[in-house]
file model_37.cif (mmCIF, C-alpha atoms)
data_start
loop_
_atom_site.label_atom_id
_atom_site.label_comp_id
_atom_site.auth_asym_id
_atom_site.auth_seq_id
_atom_site.Cartn_x
_atom_site.Cartn_y
_atom_site.Cartn_z
CA MET A 225 20.20 -48.24 -32.49
CA GLU A 226 17.56 -45.86 -33.61
CA ALA A 227 15.37 -46.68 -30.64
CA THR A 228 17.92 -45.37 -28.14
CA THR A 229 18.75 -42.12 -29.95
CA PRO A 230 15.83 -39.97 -28.71
CA ASP A 231 16.69 -40.84 -25.10
CA LEU A 232 20.29 -39.78 -25.59
CA VAL A 233 19.28 -36.48 -27.16
CA GLU A 234 16.89 -35.71 -24.35
CA ASN A 235 19.42 -36.41 -21.61
CA GLU A 236 22.23 -34.43 -23.17
CA ASN A 237 20.08 -31.50 -24.22
CA VAL A 238 17.75 -30.48 -21.40
CA TRP A 239 17.67 -26.86 -22.61
CA GLY A 240 17.83 -27.74 -26.31
CA GLY A 241 14.12 -27.32 -26.91
CA GLY A 242 11.20 -29.65 -27.23
CA ASN A 243 10.76 -30.14 -23.50
CA LYS A 244 10.02 -28.02 -20.44
CA PRO A 245 13.11 -27.93 -18.20
CA LEU A 246 11.35 -25.87 -15.51
CA ASN A 247 8.13 -27.83 -15.91
CA ALA A 248 6.22 -24.64 -16.71
CA SER A 249 4.60 -23.65 -19.99
CA TYR A 250 5.70 -20.64 -22.01
CA GLY A 251 2.73 -18.54 -20.88
CA LYS A 252 3.29 -19.29 -17.22
CA MET A 253 7.00 -18.50 -17.50
CA MET A 254 6.23 -15.15 -19.11
CA MET A 255 3.72 -14.33 -16.38
CA TRP A 256 6.45 -15.02 -13.83
CA PHE A 257 8.89 -12.84 -15.80
CA PHE A 258 6.36 -10.03 -15.64
CA ILE A 259 5.65 -10.55 -11.95
CA VAL A 260 9.34 -10.49 -11.00
CA SER A 261 9.93 -7.26 -12.92
CA ASP A 262 6.77 -5.69 -11.56
CA ALA A 263 7.82 -6.72 -8.05
CA LEU A 264 11.07 -4.82 -8.59
CA THR A 265 9.10 -1.78 -9.80
CA PHE A 266 6.97 -1.77 -6.68
CA SER A 267 10.03 -2.26 -4.49
CA GLY A 268 11.54 0.77 -6.21
CA PHE A 269 8.47 2.84 -5.28
CA LEU A 270 8.25 1.59 -1.73
CA VAL A 271 11.97 2.04 -1.11
CA ALA A 272 11.76 5.58 -2.53
CA TYR A 273 8.97 6.17 -0.02
CA GLY A 274 11.27 4.80 2.69
CA PHE A 275 14.02 7.13 1.50
CA SER A 276 11.82 10.23 1.86
CA ARG A 277 10.55 9.03 5.18
CA PHE A 278 14.02 8.39 6.62
CA LYS A 279 15.12 11.77 5.28
CA ASN A 280 12.27 13.45 7.21
CA ILE A 281 12.17 10.94 10.03
CA ASP A 282 11.36 13.55 12.72
CA SER A 283 8.46 15.17 10.86
CA TRP A 284 6.73 12.51 8.73
CA PRO A 285 2.92 12.37 9.07
CA ILE A 286 1.53 9.71 11.44
CA ALA A 287 -0.80 7.35 9.54
CA ASP A 288 -3.37 7.14 12.35
CA GLU A 289 -3.85 10.91 12.20
CA VAL A 290 -4.45 10.82 8.43
CA PHE A 291 -6.53 7.69 7.82
CA TYR A 292 -9.25 7.50 10.46
CA HIS A 293 -12.46 7.41 8.40
CA PHE A 294 -14.94 4.56 8.34
CA PRO A 295 -18.13 4.49 6.25
CA PHE A 296 -21.24 5.72 8.14
CA LEU A 297 -19.18 6.65 11.20
CA HIS A 298 -18.88 10.40 10.90
CA GLY A 299 -16.65 12.19 13.36
CA ILE A 300 -15.57 8.94 15.00
CA ASP A 301 -11.87 8.32 15.18
CA ALA A 302 -11.41 4.83 13.69
CA PRO A 303 -7.85 4.42 12.42
CA MET A 304 -6.86 1.12 10.79
CA TYR A 305 -10.31 -0.48 10.68
CA TYR A 306 -11.18 0.53 7.14
CA VAL A 307 -7.86 -0.46 5.62
CA ALA A 308 -7.94 -3.73 7.58
CA LEU A 309 -11.33 -4.42 6.01
CA MET A 310 -9.89 -3.70 2.55
CA THR A 311 -7.03 -6.12 3.25
CA PHE A 312 -9.47 -8.87 4.22
CA ILE A 313 -11.53 -8.26 1.08
CA LEU A 314 -8.45 -8.60 -1.13
CA ILE A 315 -7.14 -11.70 0.65
CA PHE A 316 -10.59 -13.25 0.36
CA SER A 317 -10.78 -12.55 -3.37
CA SER A 318 -7.35 -14.18 -3.62
CA VAL A 319 -8.80 -17.29 -2.00
CA THR A 320 -11.73 -17.49 -4.42
CA MET A 321 -9.15 -17.18 -7.21
CA VAL A 322 -7.16 -20.21 -5.93
CA LEU A 323 -10.41 -22.12 -5.63
CA ALA A 324 -11.17 -21.26 -9.27
CA VAL A 325 -7.73 -22.54 -10.30
CA ASP A 326 -8.30 -25.69 -8.27
CA ALA A 327 -11.72 -26.24 -9.88
CA GLY A 328 -10.00 -25.74 -13.25
CA HIS A 329 -7.64 -28.63 -12.49
CA HIS A 330 -10.74 -30.77 -12.00
CA MET A 331 -12.27 -29.44 -15.27
CA ASN A 332 -15.31 -28.22 -13.37
CA LYS A 333 -16.58 -25.41 -15.59
CA LYS A 334 -19.47 -24.31 -13.37
CA LYS A 335 -17.33 -24.00 -10.24
CA VAL A 336 -14.60 -22.10 -12.11
CA ALA A 337 -17.21 -19.60 -13.32
CA VAL A 338 -18.72 -19.09 -9.87
CA TYR A 339 -15.35 -18.58 -8.18
CA MET A 340 -14.15 -16.25 -10.96
CA LEU A 341 -17.29 -14.15 -10.50
CA LEU A 342 -16.70 -13.94 -6.73
CA THR A 343 -13.10 -12.88 -7.41
CA ILE A 344 -14.29 -10.12 -9.75
CA VAL A 345 -16.80 -8.89 -7.16
CA GLY A 346 -14.10 -8.82 -4.46
CA GLY A 347 -11.74 -6.89 -6.73
CA ALA A 348 -14.45 -4.39 -7.65
CA ILE A 349 -15.28 -3.79 -3.97
CA PHE A 350 -11.60 -3.22 -3.27
CA VAL A 351 -11.21 -0.66 -6.07
CA GLY A 352 -14.36 1.09 -4.84
CA SER A 353 -13.00 1.19 -1.29
CA GLN A 354 -9.78 2.68 -2.53
CA ALA A 355 -11.71 5.37 -4.40
CA TRP A 356 -13.52 6.24 -1.17
CA GLU A 357 -10.19 6.40 0.67
CA TRP A 358 -8.85 8.77 -2.00
CA LYS A 359 -11.97 10.93 -1.75
CA ASN A 360 -11.45 11.40 2.00
CA PHE A 361 -7.77 12.06 1.50
CA ILE A 362 -8.32 14.67 -1.23
CA GLN A 363 -11.17 16.41 0.58
CA GLY A 364 -9.49 16.58 3.96
CA GLU A 365 -11.46 17.44 7.05
CA TYR A 366 -9.80 20.12 9.15
CA GLY A 367 -7.56 22.21 6.89
CA ALA A 368 -4.23 23.73 7.87
CA LEU A 369 -1.80 26.55 7.17
CA GLU A 370 1.50 26.20 5.34
CA THR A 371 4.61 28.28 6.05
CA ARG A 372 7.06 29.60 3.50
CA GLY A 373 9.32 26.62 4.15
CA GLY A 374 6.51 24.17 3.42
CA GLN A 375 5.80 23.26 7.06
CA ILE A 376 2.18 22.42 7.85
CA LEU A 377 0.59 24.10 10.89
CA GLN A 378 -2.51 22.31 12.16
CA PHE A 379 -4.87 23.59 14.86
CA VAL A 380 -5.85 21.78 18.03
CA SER A 381 -8.06 22.68 20.95
CA ALA A 382 -6.14 23.20 24.21
CA ASP A 383 -8.91 21.52 26.26
CA SER A 384 -9.36 18.27 24.38
CA GLY A 385 -6.20 18.10 22.27
CA LYS A 386 -8.38 17.30 19.24
CA ARG A 387 -7.98 18.84 15.80
CA VAL A 388 -10.06 21.94 15.05
CA ALA A 389 -11.41 22.68 11.57
CA LEU A 390 -10.63 26.03 9.96
CA GLU A 391 -14.30 26.79 9.37
CA SER A 392 -15.04 26.71 13.10
CA PHE A 393 -12.86 29.68 13.95
CA ALA A 394 -11.97 31.61 10.77
CA ALA A 395 -12.88 35.29 10.93
CA ASP A 396 -14.94 36.81 8.12
CA ILE A 397 -13.03 39.65 6.47
CA PRO A 398 -14.87 41.15 3.51
CA GLY A 399 -13.13 42.07 0.27
CA ASP A 400 -11.57 38.72 -0.54
CA ARG A 401 -9.69 37.99 -3.70
CA ILE A 402 -11.72 36.32 -6.41
CA GLN A 403 -10.43 33.45 -8.47
CA GLN A 404 -8.63 34.51 -11.63
CA THR A 405 -10.03 32.95 -14.79
CA SER A 406 -8.49 33.05 -18.24
CA ASP A 407 -11.24 35.24 -19.70
CA SER A 408 -10.91 37.98 -17.04
CA GLY A 409 -7.34 37.62 -15.76
CA ILE A 410 -4.22 39.58 -16.44
CA TRP A 411 -2.45 38.10 -19.44
CA PHE A 412 -5.36 35.70 -19.84
CA SER A 413 -3.84 33.32 -17.33
CA SER A 414 -5.91 31.30 -14.89
CA GLU A 415 -5.15 29.82 -11.47
CA SER A 416 -6.23 26.85 -9.43
CA SER A 417 -9.28 27.19 -7.23
CA LEU A 418 -8.79 29.37 -4.15
CA PRO A 419 -9.22 28.00 -0.62
CA ASN A 420 -12.37 28.99 1.26
CA TYR A 421 -10.46 31.25 3.64
CA SER A 422 -7.60 33.70 3.35
CA VAL A 423 -4.53 33.52 5.58
CA ALA A 424 -5.57 36.80 7.22
CA GLU A 425 -8.98 35.37 8.12
CA ILE A 426 -7.42 32.34 9.78
CA GLN A 427 -4.88 34.49 11.64
CA ALA A 428 -7.56 36.88 12.94
CA GLY A 429 -9.78 33.98 13.97
CA PHE A 430 -6.89 32.28 15.72
CA LEU A 431 -5.96 35.38 17.74
CA ALA A 432 -9.58 35.81 18.81
CA ASP A 433 -9.86 32.29 20.29
CA PRO A 434 -7.48 31.74 23.25
CA ASN A 435 -8.30 28.03 23.34
CA LEU A 436 -6.48 27.26 20.06
CA ARG A 437 -2.95 25.90 19.78
CA ILE A 438 -0.73 25.10 16.80
CA LYS A 439 0.32 21.53 16.16
CA THR A 440 3.59 21.39 14.23
CA GLU A 441 4.97 18.69 11.92
CA MET A 442 7.77 17.81 14.32
CA ILE A 443 7.51 14.53 16.26
CA ASP A 444 8.46 14.38 19.93
CA ALA A 445 11.06 11.59 20.04
CA GLN A 446 9.99 10.59 23.57
CA THR A 447 6.23 10.22 23.13
CA GLY A 448 6.00 9.68 19.36
CA HIS A 449 3.33 12.39 19.10
CA LYS A 450 3.42 15.61 17.10
CA ILE A 451 4.62 18.62 19.11
CA VAL A 452 1.89 21.11 20.10
CA LEU A 453 3.15 24.66 20.77
CA ASP A 454 1.99 26.68 23.79
CA ARG A 455 -0.18 29.75 23.24
CA ALA A 456 2.68 32.29 23.13
CA ALA A 457 4.73 30.23 20.66
CA SER A 458 1.59 29.56 18.58
CA GLU A 459 0.89 33.28 18.24
CA VAL A 460 4.42 33.81 16.94
CA LYS A 461 4.27 30.78 14.63
CA ILE A 462 1.02 31.78 12.94
CA THR A 463 2.61 34.93 11.54
CA GLU A 464 4.85 32.70 9.38
CA ALA A 465 1.89 31.23 7.48
CA MET A 466 1.79 31.76 3.73
CA HIS A 467 -1.01 29.54 2.40
CA VAL A 468 -4.26 28.00 3.48
CA VAL A 469 -4.36 24.28 2.65
CA GLU A 470 -7.56 22.26 2.59
CA GLY A 471 -7.35 18.60 1.67
CA ALA A 472 -4.60 17.30 -0.57
CA ASN A 473 -3.28 17.52 -4.10
CA LEU A 474 0.14 16.81 -5.60
CA ILE A 475 1.54 20.19 -4.48
CA HIS A 476 0.02 20.88 -1.06
CA ASN A 477 -1.61 18.71 1.54
CA GLU A 478 -2.93 19.42 5.01
CA TYR A 479 -1.39 16.28 6.54
CA GLY A 480 2.28 17.23 6.57
CA ASN A 481 5.22 16.74 4.27
CA ARG A 482 4.34 17.39 0.62
CA LEU A 483 6.03 14.16 -0.47
CA PHE A 484 3.67 12.17 1.74
CA ALA A 485 0.65 12.92 -0.46
CA ASP A 486 2.70 12.41 -3.63
CA PHE A 487 3.76 8.94 -2.55
CA PHE A 488 0.27 8.12 -1.34
CA PHE A 489 -1.26 9.04 -4.69
CA PHE A 490 1.47 7.38 -6.69
CA ILE A 491 1.85 4.07 -4.87
CA THR A 492 -1.79 3.38 -3.97
CA GLY A 493 -2.77 4.72 -7.39
CA PHE A 494 -0.38 2.40 -9.20
CA HIS A 495 -1.59 -0.49 -7.09
CA GLY A 496 -5.22 0.47 -7.70
CA PHE A 497 -4.51 0.54 -11.42
CA HIS A 498 -3.13 -3.01 -11.13
CA VAL A 499 -6.30 -4.12 -9.34
CA LEU A 500 -8.45 -2.44 -11.98
CA SER A 501 -6.60 -4.10 -14.85
CA GLY A 502 -6.76 -7.38 -12.91
CA VAL A 503 -10.54 -7.05 -12.69
CA VAL A 504 -10.74 -6.35 -16.43
CA ILE A 505 -8.57 -9.39 -17.25
CA ASN A 506 -10.63 -11.52 -14.85
CA VAL A 507 -13.83 -10.42 -16.61
CA ILE A 508 -12.39 -11.46 -19.97
CA ILE A 509 -11.34 -14.85 -18.61
CA PHE A 510 -14.72 -15.22 -16.91
CA PHE A 511 -16.53 -14.82 -20.22
CA ASN A 512 -14.11 -17.22 -21.89
CA VAL A 513 -14.95 -19.77 -19.19
CA LEU A 514 -18.68 -19.25 -19.82
CA LEU A 515 -18.16 -19.63 -23.56
CA GLY A 516 -16.37 -22.91 -22.94
CA THR A 517 -13.10 -21.83 -24.56
CA TYR A 518 -10.98 -23.68 -21.99
CA GLU A 519 -13.31 -26.64 -21.91
CA ARG A 520 -12.60 -27.13 -25.63
CA ARG A 521 -8.88 -26.42 -25.14
CA GLY A 522 -8.77 -29.24 -22.63
CA HIS A 523 -7.17 -27.32 -19.78
CA TYR A 524 -7.76 -24.23 -17.63
CA GLU A 525 -4.18 -22.97 -17.53
CA MET A 526 -5.31 -19.48 -18.54
CA VAL A 527 -7.22 -19.21 -15.24
CA GLU A 528 -4.03 -20.23 -13.45
CA LYS A 529 -2.03 -17.52 -15.23
CA VAL A 530 -4.40 -14.66 -14.41
CA GLY A 531 -4.55 -16.18 -10.93
CA LEU A 532 -0.82 -15.61 -10.57
CA TYR A 533 -1.29 -11.96 -11.51
CA TRP A 534 -4.20 -11.57 -9.11
CA HIS A 535 -2.23 -13.03 -6.18
CA PHE A 536 0.65 -10.76 -7.02
CA VAL A 537 -1.65 -7.73 -6.67
CA ASP A 538 -2.66 -9.08 -3.26
CA LEU A 539 1.00 -9.61 -2.36
CA VAL A 540 1.85 -6.00 -3.21
CA TRP A 541 -1.08 -4.75 -1.15
CA VAL A 542 0.27 -6.62 1.90
CA PHE A 543 3.44 -4.51 1.65
CA VAL A 544 1.63 -1.22 0.87
CA PHE A 545 -0.61 -1.88 3.90
CA THR A 546 2.41 -2.39 6.16
CA PHE A 547 4.45 0.58 5.01
CA PHE A 548 1.66 3.14 4.63
CA TYR A 549 -0.64 2.27 7.50
CA LEU A 550 1.19 0.21 10.11
CA VAL A 551 4.84 1.19 10.34
CA MET B 285 -0.71 -31.62 -10.99
CA ALA B 286 0.59 -32.95 -7.73
CA HIS B 287 -0.02 -30.69 -4.75
CA LYS B 288 2.06 -30.65 -1.63
CA LEU B 289 -0.48 -30.49 1.14
CA SER B 290 1.65 -29.73 4.21
CA ILE B 291 2.38 -26.31 5.65
CA PHE B 292 4.58 -25.26 8.60
CA ARG B 293 7.25 -27.80 7.57
CA GLY B 294 4.83 -30.72 7.74
CA LEU B 295 3.30 -29.73 11.07
CA LEU B 296 -0.11 -29.32 9.45
CA THR B 297 -1.22 -31.58 6.60
CA PHE B 298 -4.50 -31.16 4.77
CA LYS B 299 -6.62 -33.81 3.07
CA SER B 300 -7.21 -31.90 -0.14
CA ASN B 301 -5.94 -28.82 -1.93
CA GLN B 302 -9.18 -27.00 -1.21
CA GLN B 303 -8.82 -27.59 2.51
CA LYS B 304 -5.26 -26.31 2.35
CA ILE B 305 -6.48 -23.09 0.71
CA TRP B 306 -8.97 -22.45 3.52
CA GLY B 307 -6.32 -23.33 6.08
CA VAL B 308 -3.92 -20.78 4.60
CA LEU B 309 -6.72 -18.19 4.51
CA ILE B 310 -7.36 -18.71 8.22
CA PHE B 311 -3.65 -18.39 8.95
CA LEU B 312 -3.32 -15.16 6.89
CA SER B 313 -6.44 -13.72 8.56
CA ILE B 314 -5.01 -14.43 12.00
CA VAL B 315 -1.72 -12.74 11.09
CA THR B 316 -3.58 -9.69 9.70
CA ALA B 317 -5.78 -9.54 12.80
CA ILE B 318 -2.66 -9.57 15.01
CA GLU B 319 -1.16 -6.74 12.95
CA VAL B 320 -4.32 -4.63 13.17
CA ALA B 321 -4.70 -5.27 16.91
CA LEU B 322 -1.07 -4.29 17.55
CA GLY B 323 -1.51 -1.23 15.33
CA ILE B 324 -4.50 -0.06 17.37
CA ILE B 325 -3.23 -0.93 20.86
CA LYS B 326 0.45 -0.03 20.29
CA PRO B 327 1.79 -1.66 23.49
CA ALA B 328 4.22 0.72 25.19
CA ILE B 329 6.76 -2.07 25.74
CA LEU B 330 7.16 -2.53 21.97
CA LEU B 331 7.85 1.13 21.24
CA THR B 332 11.48 1.01 22.38
CA PRO B 333 13.93 1.01 19.49
CA ILE B 334 15.76 -2.20 18.56
CA PHE B 335 18.50 -1.85 15.90
CA GLY B 336 17.42 1.71 15.13
CA MET B 337 13.73 0.96 14.65
CA LYS B 338 10.76 0.50 17.00
CA GLY B 339 10.26 -3.11 18.09
CA LEU B 340 6.65 -2.88 16.91
CA ASN B 341 7.76 -1.97 13.39
CA TRP B 342 10.09 -4.98 13.29
CA ILE B 343 7.15 -7.19 14.24
CA PHE B 344 5.02 -5.65 11.46
CA ILE B 345 7.73 -6.19 8.85
CA ILE B 346 8.40 -9.79 9.90
CA LEU B 347 4.66 -10.60 9.88
CA THR B 348 4.39 -9.02 6.42
CA LEU B 349 7.18 -11.25 5.12
CA VAL B 350 5.44 -14.27 6.66
CA LYS B 351 2.23 -13.34 4.83
CA ALA B 352 4.15 -12.77 1.59
CA TYR B 353 5.72 -16.23 1.92
CA TYR B 354 2.37 -17.99 2.27
CA ILE B 355 0.76 -15.99 -0.54
CA ALA B 356 3.64 -16.88 -2.89
CA TRP B 357 4.05 -20.47 -1.74
CA ASP B 358 0.44 -21.56 -1.46
CA PHE B 359 -1.71 -19.14 -3.46
CA MET B 360 0.80 -18.73 -6.28
CA HIS B 361 1.64 -22.43 -5.71
CA LEU B 362 5.41 -22.01 -5.81
CA ARG B 363 5.44 -24.91 -3.35
CA ASP B 364 4.36 -27.22 -6.17
CA GLU B 365 6.82 -25.90 -8.76
CA LYS B 366 10.27 -27.25 -9.57
CA ARG B 367 13.03 -26.04 -7.30
CA SER B 368 14.86 -24.42 -10.23
CA LEU B 369 11.81 -22.31 -11.16
CA THR B 370 11.22 -21.24 -7.55
CA SER B 371 14.85 -20.21 -7.13
CA SER B 372 15.03 -18.28 -10.36
CA ILE B 373 11.97 -16.28 -9.26
CA VAL B 374 12.84 -15.72 -5.63
CA LEU B 375 16.63 -15.30 -5.65
CA PRO B 376 16.81 -12.16 -7.85
CA LEU B 377 14.25 -10.49 -5.59
CA LEU B 378 15.98 -11.65 -2.40
CA ILE B 379 19.30 -10.23 -3.62
CA LEU B 380 18.20 -7.00 -5.30
CA ILE B 381 15.52 -5.69 -2.95
CA PRO B 382 17.53 -5.81 0.32
CA TYR B 383 20.42 -4.19 -1.55
CA LEU B 384 18.18 -1.36 -2.77
CA ILE B 385 16.73 -0.92 0.71
CA PHE B 386 20.20 -0.83 2.23
CA ILE B 387 21.73 1.80 -0.06
CA LEU B 388 18.72 4.12 -0.14
CA LEU B 389 17.96 4.07 3.57
CA VAL B 390 21.59 4.62 4.53
CA GLU B 391 21.72 7.54 2.11
CA ALA B 392 18.46 8.98 3.48
CA ASP B 393 19.78 8.77 7.03
CA TYR B 394 22.90 10.63 5.93
CA ILE B 395 20.81 13.40 4.32
CA TYR B 396 18.72 13.63 7.48
CA ASN B 397 21.87 14.27 9.50
CA VAL B 398 23.13 16.85 7.01
CA MET B 399 19.84 18.72 7.29
CA LEU B 400 19.90 18.44 11.07
CA ASP B 401 23.51 19.57 11.66
CA GLY B 402 24.14 21.65 8.55
CA PHE B 403 24.32 25.41 8.55
CA VAL B 404 21.24 25.85 6.40
CA SER B 405 17.88 26.10 8.11
CA TRP B 406 15.14 24.10 6.41
CA ASN B 407 12.41 25.45 8.61
CA PHE B 408 11.95 29.11 7.75
#
call {"tool": "encode", "arguments": {"input": "model_37.cif", "output": "structure tokens"}}
result
Amino acid sequence: MEATTPDLVENENVWGGGNKPLNASYGKMMMWFFIVSDALTFSGFLVAYGFSRFKNIDSWPIADEVFYHFPFLHGIDAPMYYVALMTFILIFSSVTMVLAVDAGHHMNKKKVAVYMLLTIVGGAIFVGSQAWEWKNFIQGEYGALETRGGQILQFVSADSGKRVALESFAADIPGDRIQQTSDSGIWFSSESSLPNYSVAEIQAGFLADPNLRIKTEMIDAQTGHKIVLDRAASEVKITEAMHVVEGANLIHNEYGNRLFADFFFFITGFHGFHVLSGVVINVIIFFNVLLGTYERRGHYEMVEKVGLYWHFVDLVWVFVFTFFYLV
Amino acid sequence: MAHKLSIFRGLLTFKSNQQKIWGVLIFLSIVTAIEVALGIIKPAILLTPIFGMKGLNWIFIILTLVKAYYIAWDFMHLRDEKRSLTSSIVLPLLILIPYLIFILLVEADYIYNVMLDGFVSWNF
């Protein structure tokens, strides 16, 4: 009688405790809980980005015109290549992570350590690449004007159709405003750093060079390109300018809609923060592997759990890549 | 732990888990390479709208979902987990995310039309 009782209890009470109904340990379940909720957070961000984009569907910046830098290739238009490289780096570090998990199943301490190290290196390269991407984005290259309504006016050459930098045509008008600092300003208030040129300098320089045209934010529905005004319309449009914008911050950016830079900073920043924390966690696990913690514990499930997190970061990047750079 | 070593519904079976990992890497790399190539070339034939969006963008989104599937199923080894665990992870996401996309994008499109046809000028 007593011999059959445990069987009965187990069959009647799958969820009653003492066994693993989903065949996953507590730690692994919690990692999946976290991943599902984090996935919803990222979807919230990306869908909010989609909302702003659909709301401004006829004037949203075109990714190829914003992200075209590649290391050591100055002045060469190379859209997509850099971010494609970053994607490969992250996918590859995902692979070394699976290999580490697989080596863990075989209790092969040396292999786990080597693959974990490769994963950390891949993650570090990715974070570094993202920092470089941010640097280019913040610095900008050409500069633009902004109207009272927040529209960005960029400058192109009528001959080549290429963007023209502000510094190449801005007039030099002496007697510029100096930056207000808190020790010399009225009411001891300070202000953010001033752009290199005043609106009047850009306007004078523009009128002096008949080869310049204004490129607006609006997209031509037929060709998919931004609309470039003719000379007469450009000369009217430039009088509406209010600010000079160089590069990007959370308030102004030279690429187009203000929300574009906000979403770029927020979504890639949040993802970059995930990669950074992933690298930190991987380093901790790496040292635990070296110390033999999991060897003594008898299993490498911890490597598997951080692996889940690491793949999730890769998974999110696949979507960020699509919605920021491809679509 | 038992690994299921077939991908593409059994079309391709690997000898070991390690081989499967490399196989999936090659597949993901090919998909990414196709995406990048299409993003650079932008074939004119794919720029016509289908269901309100460019054909090219539909291709990008479908390829992204394909990549997401293989990352979750093979790298995060959901393929090897119990069906109940897989479902409880994937179903909430499959229900909630399309719903969120649907309501927000429809709303955004509405706002776009209000700004386009309304009496207020947004470009001053």
call {"tool": "closest_residue", "arguments": {"input": "model_37.cif", "among": "A:Ser458, A:Ser276, A:Asn481, A:Thr492", "to": "Val540 of chain A", "atoms": "all atoms listed in the file"}}
result
A:Thr492
call {"tool": "atom_distance", "arguments": {"input": "model_37.cif", "atom1": "atom CA of Phe548 of chain A", "atom2": "atom CA of Gly274 of chain A"}}
result
9.9 Å
call {"tool": "interface_residues", "arguments": {"input": "model_37.cif", "of": "chain B", "to": "chain A", "cutoff": "7 Å", "atoms": "all atoms listed in the file", "output": "list in words"}}
result
Gln302, Ile305, Leu309, Val320, Gly323, Asn341, Phe344, Thr348, Ala352, Ile355, Phe359, Met360, Lys366, Ser368, Leu369, Ile373, Ile381, Ile385, Leu388, Leu389, Ala392, Asp393, Ile395, Tyr396, Trp406, Asn407 and Phe408 of chain B
call {"tool": "residues_around", "arguments": {"input": "model_37.cif", "residues": "Pro333 of chain B", "least_positions_apart": "4", "cutoff": "12 Å", "atoms": "only C-alpha atoms", "output": "PyMOL selection string"}}
result
(chain A and resi 445-446+448) or (chain B and resi 328-329+337-343)
call {"tool": "residues_around", "arguments": {"input": "model_37.cif", "residues": "Ser417 of chain A", "least_positions_apart": "5", "cutoff": "12 Å", "atoms": "all atoms listed in the file", "output": "PDB file with C-alpha atoms, in the frame of the given file"}}
result
ATOM      1  CA  ARG A 401      -9.690  37.990  -3.700  1.00  0.00           C
ATOM      2  CA  ILE A 402     -11.720  36.320  -6.410  1.00  0.00           C
ATOM      3  CA  GLN A 403     -10.430  33.450  -8.470  1.00  0.00           C
ATOM      4  CA  GLN A 404      -8.630  34.510 -11.630  1.00  0.00           C
ATOM      5  CA  THR A 405     -10.030  32.950 -14.790  1.00  0.00           C
ATOM      6  CA  VAL A 468      -4.260  28.000   3.480  1.00  0.00           C
ATOM      7  CA  VAL A 469      -4.360  24.280   2.650  1.00  0.00           C
ATOM      8  CA  GLU A 470      -7.560  22.260   2.590  1.00  0.00           C
ATOM      9  CA  ASN A 473      -3.280  17.520  -4.100  1.00  0.00           C
TER      10      ASN A 473
END
call {"tool": "decode", "arguments": {"input": "model_37.cif", "residues": "segment 364-376 of chain B", "atoms": "N, CA and C atoms", "output": "tab-separated table (two decimals), in the first residue's frame"}}
result
chain	number	residue	atom	x	y	z
B	364	ASP	N	14.16	22.47	-27.78
B	364	ASP	CA	14.37	21.33	-26.90
B	364	ASP	C	13.49	21.36	-25.65
B	365	GLU	N	12.78	22.49	-25.44
B	365	GLU	CA	11.99	22.60	-24.21
B	365	GLU	C	10.64	21.91	-24.38
B	366	LYS	N	9.95	21.76	-23.23
B	366	LYS	CA	8.60	21.18	-23.27
B	366	LYS	C	7.66	22.12	-23.99
B	367	ARG	N	6.68	21.54	-24.66
B	367	ARG	CA	5.73	22.34	-25.43
B	367	ARG	C	5.03	23.38	-24.56
B	368	SER	N	4.71	22.99	-23.30
B	368	SER	CA	3.99	23.92	-22.43
B	368	SER	C	4.84	25.14	-22.09
B	369	LEU	N	6.14	24.95	-21.92
B	369	LEU	CA	7.03	26.09	-21.62
B	369	LEU	C	7.13	27.00	-22.84
B	370	THR	N	7.36	26.40	-24.01
B	370	THR	CA	7.45	27.17	-25.25
B	370	THR	C	6.21	28.02	-25.45
B	371	SER	N	5.04	27.40	-25.28
B	371	SER	CA	3.79	28.12	-25.52
B	371	SER	C	3.61	29.26	-24.53
B	372	SER	N	3.95	28.99	-23.26
B	372	SER	CA	3.70	30.06	-22.29
B	372	SER	C	4.67	31.22	-22.49
B	373	ILE	N	5.78	31.00	-23.19
B	373	ILE	CA	6.68	32.12	-23.50
B	373	ILE	C	6.20	32.84	-24.76
B	374	VAL	N	5.87	32.06	-25.78
B	374	VAL	CA	5.65	32.66	-27.10
B	374	VAL	C	4.23	33.23	-27.24
B	375	LEU	N	3.23	32.54	-26.71
B	375	LEU	CA	1.85	33.00	-26.93
B	375	LEU	C	1.56	34.41	-26.41
B	376	PRO	N	1.97	34.75	-25.16
B	376	PRO	CA	1.70	36.13	-24.72
B	376	PRO	C	2.28	37.17	-25.67
